[in-house]
file work07.txt (compact mmCIF, C-alpha atoms)
# COMPACT_ATOMS: atom_id res chain seq x y z
CA LYS A 1302 -14.62 -24.17 -25.62
CA PHE A 1303 -10.97 -24.79 -26.52
CA THR A 1304 -9.34 -24.05 -23.16
CA ASP A 1305 -7.29 -26.95 -21.74
CA ALA A 1306 -5.14 -27.68 -18.70
CA PHE A 1307 -2.08 -25.99 -20.24
CA SER A 1308 -3.87 -22.73 -21.07
CA CYS A 1309 -3.14 -21.37 -17.59
CA SER A 1310 0.60 -21.99 -18.04
CA VAL A 1311 0.58 -19.62 -21.04
CA ASN A 1312 -1.69 -16.99 -19.52
CA GLN A 1313 -2.81 -17.28 -15.90
CA ALA A 1314 -5.91 -15.22 -16.69
CA ALA A 1315 -7.34 -18.41 -18.25
CA LEU A 1316 -7.72 -19.98 -14.78
CA PRO A 1317 -11.25 -18.65 -14.09
CA ASP A 1318 -12.45 -20.33 -17.31
CA MET A 1319 -11.15 -23.74 -16.28
CA PRO A 1320 -13.31 -26.55 -14.84
CA ALA A 1321 -13.21 -27.33 -11.11
CA PHE A 1322 -10.17 -29.56 -11.70
CA ALA A 1323 -7.85 -30.18 -14.64
CA VAL A 1324 -4.37 -31.65 -14.96
CA GLY A 1325 -2.03 -32.23 -17.89
CA VAL A 1326 1.44 -33.71 -18.44
CA TYR A 1327 3.63 -33.25 -21.51
CA GLY A 1328 6.95 -34.73 -22.63
CA GLU A 1329 9.11 -33.75 -25.59
CA LYS A 1330 12.43 -34.91 -27.02
CA ARG A 1331 13.80 -31.69 -28.46
CA PHE A 1332 15.25 -32.24 -31.95
CA GLN A 1333 15.43 -35.98 -31.07
CA VAL A 1334 18.73 -35.31 -29.28
CA ALA A 1335 19.61 -37.41 -26.25
CA GLY A 1336 19.70 -35.18 -23.19
CA LEU A 1337 17.44 -32.46 -24.61
CA ASN A 1338 14.33 -33.71 -22.86
CA MET A 1339 11.52 -31.45 -21.77
CA PHE A 1340 8.77 -32.41 -19.30
CA SER A 1341 5.97 -30.21 -18.00
CA LEU A 1342 2.95 -30.46 -15.72
CA SER A 1343 0.04 -28.08 -15.33
CA LEU A 1344 -2.70 -28.32 -12.70
CA ALA A 1345 -5.72 -26.06 -12.25
CA LEU A 1346 -8.34 -25.76 -9.50
CA ASN A 1347 -11.32 -23.45 -9.90
CA GLY A 1348 -13.84 -22.30 -7.30
CA ARG A 1349 -15.92 -19.37 -6.12
CA SER A 1350 -12.89 -17.36 -5.02
CA GLY A 1351 -11.11 -17.77 -8.35
CA GLY A 1352 -8.79 -20.19 -10.06
CA PHE A 1353 -5.55 -21.57 -8.66
CA GLY A 1354 -2.81 -23.21 -10.71
CA LEU A 1355 0.51 -25.00 -10.45
CA ASN A 1356 2.82 -25.02 -13.48
CA THR A 1357 6.19 -26.72 -13.60
CA TRP A 1358 8.69 -27.85 -16.22
CA TYR A 1359 12.13 -29.44 -16.49
CA PHE A 1360 14.53 -29.25 -19.43
CA GLY A 1361 17.95 -30.85 -19.90
CA ASN A 1362 19.79 -33.79 -18.39
CA GLN A 1363 21.86 -34.73 -15.34
CA ASP A 1364 24.83 -32.62 -16.51
CA PHE A 1365 22.93 -29.43 -17.26
CA ASN A 1366 19.29 -28.64 -16.66
CA GLU A 1367 16.84 -25.85 -15.97
CA SER A 1368 13.58 -26.16 -14.05
CA HIS A 1369 10.64 -23.95 -13.21
CA LEU A 1370 7.90 -23.94 -10.59
CA GLY A 1371 5.01 -21.48 -10.69
CA LEU A 1372 2.05 -20.86 -8.38
CA ALA A 1373 -0.79 -18.96 -10.05
CA TYR A 1374 -4.08 -17.25 -9.29
CA GLY A 1375 -6.72 -15.91 -11.66
CA LYS A 1376 -9.95 -13.98 -11.11
CA ASN A 1377 -12.96 -13.22 -13.29
CA LEU A 1378 -13.99 -9.55 -13.22
CA GLY A 1379 -16.87 -9.67 -15.68
CA ASP A 1380 -15.67 -9.25 -19.25
CA ILE A 1381 -12.04 -9.27 -18.08
CA ASN A 1382 -9.96 -12.01 -16.45
CA LEU A 1383 -6.78 -11.15 -14.55
CA GLY A 1384 -4.07 -13.57 -13.49
CA ILE A 1385 -0.66 -13.60 -11.79
CA GLN A 1386 1.97 -16.25 -11.16
CA PHE A 1387 5.00 -16.29 -8.86
CA ASP A 1388 7.91 -18.30 -10.29
CA TYR A 1389 11.02 -20.03 -9.04
CA ARG A 1390 13.69 -20.72 -11.68
CA ARG A 1391 16.55 -23.13 -11.00
CA ARG A 1392 19.66 -23.89 -13.06
CA MET A 1393 22.11 -26.75 -12.46
CA ALA A 1394 25.43 -27.42 -14.17
CA ALA A 1395 27.75 -30.30 -13.34
CA GLY A 1396 30.80 -28.98 -11.49
CA ALA A 1397 29.20 -25.59 -10.85
CA GLY A 1398 26.31 -26.55 -8.61
CA ALA A 1399 22.75 -25.25 -8.65
CA ASP A 1400 21.26 -21.78 -8.17
CA GLY A 1401 17.74 -20.39 -8.16
CA THR A 1402 15.93 -17.08 -8.48
CA LEU A 1403 12.41 -15.71 -8.03
CA THR A 1404 10.33 -13.71 -10.49
CA PHE A 1405 6.69 -13.28 -11.54
CA GLU A 1406 4.42 -13.02 -14.56
CA MET A 1407 0.91 -11.72 -15.13
CA GLY A 1408 -1.74 -11.57 -17.79
CA SER A 1409 -5.25 -10.55 -18.74
CA ILE A 1410 -7.95 -11.78 -21.11
CA TRP A 1411 -10.76 -9.65 -22.56
CA ARG A 1412 -14.00 -11.07 -23.95
CA ILE A 1413 -14.76 -8.99 -27.02
CA SER A 1414 -17.76 -11.23 -27.78
CA ASP A 1415 -18.93 -14.77 -27.10
CA ARG A 1416 -16.53 -16.06 -29.75
CA VAL A 1417 -13.71 -13.48 -29.78
CA HIS A 1418 -11.12 -13.11 -27.01
CA THR A 1419 -7.94 -11.10 -26.78
CA GLY A 1420 -5.27 -10.86 -24.13
CA ILE A 1421 -1.77 -9.84 -23.10
CA HIS A 1422 0.85 -11.49 -20.92
CA VAL A 1423 4.18 -10.33 -19.52
CA PHE A 1424 6.95 -12.42 -17.96
CA ASN A 1425 9.65 -11.00 -15.67
CA PRO A 1426 8.84 -7.31 -16.20
CA VAL A 1427 11.30 -6.13 -13.51
CA GLY A 1428 14.42 -7.81 -14.96
CA THR A 1429 15.17 -10.37 -12.25
CA PRO A 1430 18.81 -11.60 -12.28
CA THR A 1431 19.50 -15.10 -13.57
CA PRO A 1432 19.96 -17.95 -11.07
CA GLY A 1433 23.15 -17.40 -9.07
CA GLY A 1434 22.98 -13.60 -9.11
CA ARG A 1435 25.29 -13.18 -12.08
CA LYS A 1436 25.40 -9.91 -13.98
CA GLU A 1437 23.05 -11.13 -16.69
CA LYS A 1438 19.32 -11.21 -15.99
CA LEU A 1439 16.35 -13.28 -17.09
CA ALA A 1440 14.93 -11.91 -20.31
CA TYR A 1441 11.58 -10.19 -20.14
CA ALA A 1442 8.93 -11.42 -22.57
CA TYR A 1443 5.64 -9.92 -23.74
CA ARG A 1444 2.82 -11.64 -25.61
CA ALA A 1445 -0.41 -10.37 -27.15
CA GLY A 1446 -2.94 -12.60 -28.84
CA LEU A 1447 -6.35 -12.84 -30.45
CA GLY A 1448 -8.55 -15.95 -30.60
CA PHE A 1449 -11.70 -16.53 -32.67
CA GLU A 1450 -14.05 -19.48 -32.21
CA ALA A 1451 -15.38 -19.65 -35.76
CA SER A 1452 -17.71 -22.47 -34.66
CA ASP A 1453 -17.95 -25.15 -31.99
CA HIS A 1454 -15.43 -27.12 -34.07
CA VAL A 1455 -12.97 -24.50 -35.41
CA TYR A 1456 -10.66 -22.18 -33.49
CA LEU A 1457 -8.31 -19.63 -35.08
CA CYS A 1458 -5.63 -17.71 -33.20
CA MET A 1459 -2.71 -15.35 -33.73
CA GLN A 1460 -0.08 -14.27 -31.23
CA ILE A 1461 2.81 -11.80 -31.23
CA ASN A 1462 5.79 -12.58 -28.98
CA LYS A 1463 8.58 -10.19 -28.04
CA GLU A 1464 11.46 -11.46 -25.93
CA GLU A 1465 14.33 -9.26 -24.83
CA GLY A 1466 17.26 -9.47 -27.24
CA ARG A 1467 15.27 -11.26 -29.95
CA PRO A 1468 13.14 -10.05 -32.86
CA ALA A 1469 9.37 -10.16 -32.52
CA ASP A 1470 7.74 -13.40 -33.59
CA ILE A 1471 4.25 -13.99 -34.99
CA ILE A 1472 2.56 -17.33 -34.33
CA ALA A 1473 -0.65 -18.39 -36.06
CA GLY A 1474 -2.65 -21.53 -35.43
CA LEU A 1475 -5.81 -23.48 -36.24
CA GLN A 1476 -7.57 -26.15 -34.19
CA PHE A 1477 -10.28 -28.38 -35.63
CA VAL A 1478 -12.51 -30.82 -33.76
CA PHE A 1479 -14.26 -33.51 -35.77
CA ALA A 1480 -16.49 -36.48 -34.96
CA GLY A 1481 -16.72 -35.19 -31.37
CA GLN A 1482 -13.73 -37.23 -30.19
CA PHE A 1483 -10.89 -36.38 -32.59
CA PHE A 1484 -9.05 -33.11 -33.02
CA ALA A 1485 -6.02 -31.69 -34.82
CA ARG A 1486 -3.94 -28.52 -34.64
CA ILE A 1487 -1.55 -26.88 -37.08
CA GLY A 1488 0.45 -23.68 -36.81
CA MET A 1489 3.57 -21.73 -37.68
CA ALA A 1490 6.06 -19.57 -35.78
CA ALA A 1491 7.21 -17.06 -38.38
CA ALA A 1492 10.59 -15.91 -37.00
CA ALA A 1493 12.15 -19.38 -37.05
CA SER A 1494 9.92 -20.71 -39.87
CA LEU A 1495 8.91 -23.37 -37.36
CA PRO A 1496 5.80 -25.35 -38.32
CA TYR A 1497 4.08 -27.49 -35.72
CA GLY A 1498 1.09 -29.76 -35.53
CA SER A 1499 -0.66 -32.27 -33.33
CA ALA A 1500 -3.51 -34.74 -33.40
CA GLY A 1501 -5.41 -36.37 -30.58
CA TRP A 1502 -8.30 -38.39 -29.30
CA LYS A 1503 -10.71 -37.62 -26.47
CA TRP A 1504 -12.48 -40.26 -24.41
CA ASP A 1505 -14.83 -39.00 -21.67
CA ASP A 1506 -12.64 -36.75 -19.46
CA LEU A 1507 -9.30 -38.01 -20.81
CA ARG A 1508 -7.35 -36.72 -23.78
CA ILE A 1509 -4.19 -37.93 -25.48
CA GLU A 1510 -2.35 -35.83 -28.05
CA MET A 1511 0.74 -36.46 -30.17
CA ALA A 1512 2.67 -33.38 -31.26
CA LEU A 1513 5.44 -32.66 -33.75
CA SER A 1514 7.40 -29.54 -34.68
CA TYR A 1515 10.12 -29.08 -37.28
CA HIS A 1516 13.22 -26.88 -37.42
CA ALA A 1517 14.91 -26.62 -40.82
CA GLN A 1518 18.45 -27.00 -39.38
CA LEU A 1519 17.86 -29.07 -36.24
CA GLY A 1520 15.08 -31.41 -37.31
CA PHE A 1521 11.96 -32.81 -35.67
CA SER A 1522 10.81 -32.57 -32.03
CA PRO A 1523 8.17 -35.19 -31.13
CA GLY A 1524 5.99 -34.81 -28.05
CA LEU A 1525 3.17 -36.55 -26.18
CA MET A 1526 0.48 -34.91 -24.03
CA LEU A 1527 -2.01 -36.45 -21.58
CA ILE A 1528 -4.84 -34.41 -20.06
CA TYR A 1529 -7.57 -35.16 -17.56
CA GLN A 1530 -10.24 -32.47 -17.75
CA PRO A 1531 -13.93 -32.91 -16.86
CA PRO A 1532 -16.34 -30.49 -18.55
CA PRO A 1533 -16.87 -27.15 -16.74
call {"tool": "encode", "arguments": {"input": "work07.txt", "output": "structure tokens"}}
result
Amino acid sequence: KFTDAFSCSVNQAALPDMPAFAVGVYGEKRFQVAGLNMFSLSLALNGRSGGFGLNTWYFGNQDFNESHLGLAYGKNLGDINLGIQFDYRRRMAAGAGADGTLTFEMGSIWRISDRVHTGIHVFNPVGTPTPGGRKEKLAYAYRAGLGFEASDHVYLCMQINKEEGRPADIIAGLQFVFAGQFFARIGMAAAASLPYGSAGWKWDDLRIEMALSYHAQLGFSPGLMLIYQPPP
């Protein structure tokens, strides 16, 4: 009940649970710093043969930026969903030009019960080199999570992230829907003591959501999300 257009960008195994069509766009000004802009788009199509998705994002400015394009597929296998995405990563720096590299990610979701789901996701498990073929490589990242729909209005979740070269991080969140049209989310990423929250309004198949996160040293990061998503 709480899946949205961006769910398939986090775990491609969510694609079979999407409606026939869903699209979302998101923009964020990281730490309110000029030039640290982040934009993303997620699109999902679902049919008899499975779910297909397109996920893309851009971060940076004209002097230095990174971008990502992913093509995804997900399939329902009963109580288990499987998904995979093939990615193209590009990096551009003024004076040094632009380079790109290919990698992939995959995930699964298990339905423990009607209201409890769990899943895992892995990004870049084979250690693809960074754009340009330099000696360093893209970091691998693993995620495992558990979600509980306490009711039709309350969703609780917890996720453990492990990225190469960084300590494991635990993220917990709560989403609450009230009055049928309004909703709010709050959460915390433990490793960086990074709280975040958002609030939004739904009208028919459209949804608008304003988000905010806070870093103790770097400050606030405001964001805005727009989603078009008919019911499944």
call {"tool": "closest_residue", "arguments": {"input": "work07.txt", "among": "A:Phe1303, A:Phe1484, A:Phe1449, A:Phe1365", "to": "A:Ser1499", "atoms": "all atoms listed in the file"}}
result
A:Phe1484
call {"tool": "closest_residue", "arguments": {"input": "work07.txt", "among": "A:Leu1378, A:Ala1490, A:Leu1447, A:Val1324", "to": "A:Ser1350", "atoms": "only C-alpha atoms"}}
result
A:Leu1378
call {"tool": "atom_distance", "arguments": {"input": "work07.txt", "atom1": "atom CA of A:Tyr1327", "atom2": "atom CA of A:Ala1315"}}
result
18.7 Å
call {"tool": "closest_residue", "arguments": {"input": "work07.txt", "among": "A:Ile1381, A:Val1455, A:Leu1495, A:Leu1519", "to": "A:Ile1421", "atoms": "all atoms listed in the file"}}
result
A:Ile1381
call {"tool": "residues_around", "arguments": {"input": "work07.txt", "residues": "A:Phe1424", "least_positions_apart": "3", "cutoff": "9 Å", "atoms": "only C-alpha atoms", "output": "VMD selection string"}}
result
chain A and resid 1404 to 1408 1427 1440 to 1444
call {"tool": "write_last_selection", "arguments": {"input": "work07.txt", "atoms": "C-alpha atoms", "output": "PDB file, in the frame of the given file"}}
result
ATOM      1  CA  THR A1404      10.330 -13.710 -10.490  1.00  0.00           C
ATOM      2  CA  PHE A1405       6.690 -13.280 -11.540  1.00  0.00           C
ATOM      3  CA  GLU A1406       4.420 -13.020 -14.560  1.00  0.00           C
ATOM      4  CA  MET A1407       0.910 -11.720 -15.130  1.00  0.00           C
ATOM      5  CA  GLY A1408      -1.740 -11.570 -17.790  1.00  0.00           C
ATOM      6  CA  VAL A1427      11.300  -6.130 -13.510  1.00  0.00           C
ATOM      7  CA  ALA A1440      14.930 -11.910 -20.310  1.00  0.00           C
ATOM      8  CA  TYR A1441      11.580 -10.190 -20.140  1.00  0.00           C
ATOM      9  CA  ALA A1442       8.930 -11.420 -22.570  1.00  0.00           C
ATOM     10  CA  TYR A1443       5.640  -9.920 -23.740  1.00  0.00           C
ATOM     11  CA  ARG A1444       2.820 -11.640 -25.610  1.00  0.00           C
TER      12      ARG A1444
END
call {"tool": "residues_near_point", "arguments": {"input": "work07.txt", "point": "(-15.8, -14.7, -33.7)", "cutoff": "7 Å", "atoms": "all atoms listed in the file", "output": "ChimeraX atom specification"}}
result
/A:1416-1417,1449-1451
call {"tool": "closest_residue", "arguments": {"input": "work07.txt", "among": "A:Trp1502, A:Tyr1497, A:Phe1322, A:Phe1340", "to": "A:Tyr1529", "atoms": "all atoms listed in the file"}}
result
A:Phe1322
call {"tool": "closest_residue", "arguments": {"input": "work07.txt", "among": "A:Ala1395, A:Ser1414, A:Thr1419, A:Gln1313", "to": "A:Asn1377", "atoms": "only C-alpha atoms"}}
result
A:Gln1313
call {"tool": "residues_around", "arguments": {"input": "work07.txt", "residues": "A:Arg1392", "least_positions_apart": "2", "cutoff": "8 Å", "atoms": "only C-alpha atoms", "output": "JSON, numbers by chain"}}
result
{"A": [1365, 1366, 1367, 1368, 1390, 1394, 1399, 1400, 1401, 1432]}
call {"tool": "atom_distance", "arguments": {"input": "work07.txt", "atom1": "atom CA of A:Ala1491", "atom2": "atom CA of A:Tyr1456"}}
result
19.2 Å
call {"tool": "closest_residue", "arguments": {"input": "work07.txt", "among": "A:Phe1332, A:Ile1385, A:Leu1355, A:Met1459", "to": "A:His1516", "atoms": "all atoms listed in the file"}}
result
A:Phe1332
call {"tool": "atom_distance", "arguments": {"input": "work07.txt", "atom1": "atom CA of A:Pro1532", "atom2": "atom CA of A:Thr1304"}}
result
10.6 Å
call {"tool": "residues_near_point", "arguments": {"input": "work07.txt", "point": "(-8.3, -35.6, -27.4)", "cutoff": "10 Å", "atoms": "only C-alpha atoms", "output": "PDB file with C-alpha atoms, in the coordinates of the input"}}
result
ATOM      1  CA  VAL A1478     -12.510 -30.820 -33.760  1.00  0.00           C
ATOM      2  CA  GLY A1481     -16.720 -35.190 -31.370  1.00  0.00           C
ATOM      3  CA  GLN A1482     -13.730 -37.230 -30.190  1.00  0.00           C
ATOM      4  CA  PHE A1483     -10.890 -36.380 -32.590  1.00  0.00           C
ATOM      5  CA  PHE A1484      -9.050 -33.110 -33.020  1.00  0.00           C
ATOM      6  CA  ALA A1485      -6.020 -31.690 -34.820  1.00  0.00           C
ATOM      7  CA  ALA A1500      -3.510 -34.740 -33.400  1.00  0.00           C
ATOM      8  CA  GLY A1501      -5.410 -36.370 -30.580  1.00  0.00           C
ATOM      9  CA  TRP A1502      -8.300 -38.390 -29.300  1.00  0.00           C
ATOM     10  CA  LYS A1503     -10.710 -37.620 -26.470  1.00  0.00           C
ATOM     11  CA  TRP A1504     -12.480 -40.260 -24.410  1.00  0.00           C
ATOM     12  CA  ASP A1505     -14.830 -39.000 -21.670  1.00  0.00           C
ATOM     13  CA  ASP A1506     -12.640 -36.750 -19.460  1.00  0.00           C
ATOM     14  CA  LEU A1507      -9.300 -38.010 -20.810  1.00  0.00           C
ATOM     15  CA  ARG A1508      -7.350 -36.720 -23.780  1.00  0.00           C
ATOM     16  CA  ILE A1509      -4.190 -37.930 -25.480  1.00  0.00           C
ATOM     17  CA  GLU A1510      -2.350 -35.830 -28.050  1.00  0.00           C
ATOM     18  CA  MET A1511       0.740 -36.460 -30.170  1.00  0.00           C
ATOM     19  CA  MET A1526       0.480 -34.910 -24.030  1.00  0.00           C
ATOM     20  CA  LEU A1527      -2.010 -36.450 -21.580  1.00  0.00           C
ATOM     21  CA  ILE A1528      -4.840 -34.410 -20.060  1.00  0.00           C
ATOM     22  CA  TYR A1529      -7.570 -35.160 -17.560  1.00  0.00           C
TER      23      TYR A1529
END
call {"tool": "build_atoms", "arguments": {"input": "work07.txt", "residues": "stretch 1340-1365 of chain A", "atoms": "N, CA and C atoms", "output": "mmCIF file, in the coordinates of the input"}}
result
data_model
loop_
_atom_site.group_PDB
_atom_site.id
_atom_site.type_symbol
_atom_site.label_atom_id
_atom_site.label_comp_id
_atom_site.auth_asym_id
_atom_site.auth_seq_id
_atom_site.Cartn_x
_atom_site.Cartn_y
_atom_site.Cartn_z
ATOM 1 N N PHE A 1340 9.959 -31.874 -19.941
ATOM 2 C CA PHE A 1340 8.770 -32.410 -19.300
ATOM 3 C C PHE A 1340 8.046 -31.264 -18.592
ATOM 4 N N SER A 1341 6.725 -31.265 -18.675
ATOM 5 C CA SER A 1341 5.970 -30.210 -18.000
ATOM 6 C C SER A 1341 4.677 -30.774 -17.427
ATOM 7 N N LEU A 1342 4.197 -30.099 -16.380
ATOM 8 C CA LEU A 1342 2.950 -30.460 -15.720
ATOM 9 C C LEU A 1342 2.191 -29.184 -15.400
ATOM 10 N N SER A 1343 0.888 -29.220 -15.636
ATOM 11 C CA SER A 1343 0.040 -28.080 -15.330
ATOM 12 C C SER A 1343 -1.212 -28.580 -14.613
ATOM 13 N N LEU A 1344 -1.550 -27.930 -13.507
ATOM 14 C CA LEU A 1344 -2.700 -28.320 -12.700
ATOM 15 C C LEU A 1344 -3.520 -27.078 -12.379
ATOM 16 N N ALA A 1345 -4.832 -27.196 -12.509
ATOM 17 C CA ALA A 1345 -5.720 -26.060 -12.250
ATOM 18 C C ALA A 1345 -6.868 -26.470 -11.352
ATOM 19 N N LEU A 1346 -7.194 -25.606 -10.384
ATOM 20 C CA LEU A 1346 -8.340 -25.760 -9.500
ATOM 21 C C LEU A 1346 -9.158 -24.488 -9.586
ATOM 22 N N ASN A 1347 -10.472 -24.635 -9.731
ATOM 23 C CA ASN A 1347 -11.320 -23.450 -9.900
ATOM 24 C C ASN A 1347 -12.481 -23.511 -8.918
ATOM 25 N N GLY A 1348 -12.755 -22.366 -8.271
ATOM 26 C CA GLY A 1348 -13.840 -22.300 -7.300
ATOM 27 C C GLY A 1348 -14.440 -20.915 -7.252
ATOM 28 N N ARG A 1349 -15.247 -20.650 -6.243
ATOM 29 C CA ARG A 1349 -15.920 -19.370 -6.120
ATOM 30 C C ARG A 1349 -14.959 -18.203 -5.940
ATOM 31 N N SER A 1350 -13.843 -18.443 -5.288
ATOM 32 C CA SER A 1350 -12.890 -17.360 -5.020
ATOM 33 C C SER A 1350 -11.899 -17.143 -6.152
ATOM 34 N N GLY A 1351 -12.023 -17.913 -7.224
ATOM 35 C CA GLY A 1351 -11.110 -17.770 -8.350
ATOM 36 C C GLY A 1351 -10.442 -19.073 -8.696
ATOM 37 N N GLY A 1352 -9.503 -19.006 -9.624
ATOM 38 C CA GLY A 1352 -8.790 -20.190 -10.060
ATOM 39 C C GLY A 1352 -7.362 -20.214 -9.539
ATOM 40 N N PHE A 1353 -6.907 -21.393 -9.157
ATOM 41 C CA PHE A 1353 -5.550 -21.570 -8.660
ATOM 42 C C PHE A 1353 -4.833 -22.575 -9.569
ATOM 43 N N GLY A 1354 -3.546 -22.341 -9.806
ATOM 44 C CA GLY A 1354 -2.810 -23.210 -10.710
ATOM 45 C C GLY A 1354 -1.404 -23.494 -10.228
ATOM 46 N N LEU A 1355 -0.886 -24.621 -10.654
ATOM 47 C CA LEU A 1355 0.510 -25.000 -10.450
ATOM 48 C C LEU A 1355 1.077 -25.392 -11.802
ATOM 49 N N ASN A 1356 2.175 -24.744 -12.193
ATOM 50 C CA ASN A 1356 2.820 -25.020 -13.480
ATOM 51 C C ASN A 1356 4.306 -25.292 -13.240
ATOM 52 N N THR A 1357 4.781 -26.387 -13.781
ATOM 53 C CA THR A 1357 6.190 -26.720 -13.600
ATOM 54 C C THR A 1357 6.742 -27.386 -14.850
ATOM 55 N N TRP A 1358 8.026 -27.162 -15.111
ATOM 56 C CA TRP A 1358 8.690 -27.850 -16.220
ATOM 57 C C TRP A 1358 10.152 -28.095 -15.897
ATOM 58 N N TYR A 1359 10.725 -29.046 -16.645
ATOM 59 C CA TYR A 1359 12.130 -29.440 -16.490
ATOM 60 C C TYR A 1359 12.694 -29.640 -17.885
ATOM 61 N N PHE A 1360 13.886 -29.096 -18.124
ATOM 62 C CA PHE A 1360 14.530 -29.250 -19.430
ATOM 63 C C PHE A 1360 16.009 -29.538 -19.231
ATOM 64 N N GLY A 1361 16.524 -30.547 -19.940
ATOM 65 C CA GLY A 1361 17.950 -30.850 -19.900
ATOM 66 C C GLY A 1361 18.225 -32.279 -19.501
ATOM 67 N N ASN A 1362 19.354 -32.462 -18.802
ATOM 68 C CA ASN A 1362 19.790 -33.790 -18.390
ATOM 69 C C ASN A 1362 20.551 -33.670 -17.072
ATOM 70 N N GLN A 1363 21.187 -34.750 -16.641
ATOM 71 C CA GLN A 1363 21.860 -34.730 -15.340
ATOM 72 C C GLN A 1363 23.091 -33.839 -15.311
ATOM 73 N N ASP A 1364 23.643 -33.484 -16.471
ATOM 74 C CA ASP A 1364 24.830 -32.620 -16.510
ATOM 75 C C ASP A 1364 24.476 -31.137 -16.553
ATOM 76 N N PHE A 1365 23.397 -30.816 -17.229
ATOM 77 C CA PHE A 1365 22.930 -29.430 -17.260
ATOM 78 C C PHE A 1365 21.419 -29.424 -17.416
#
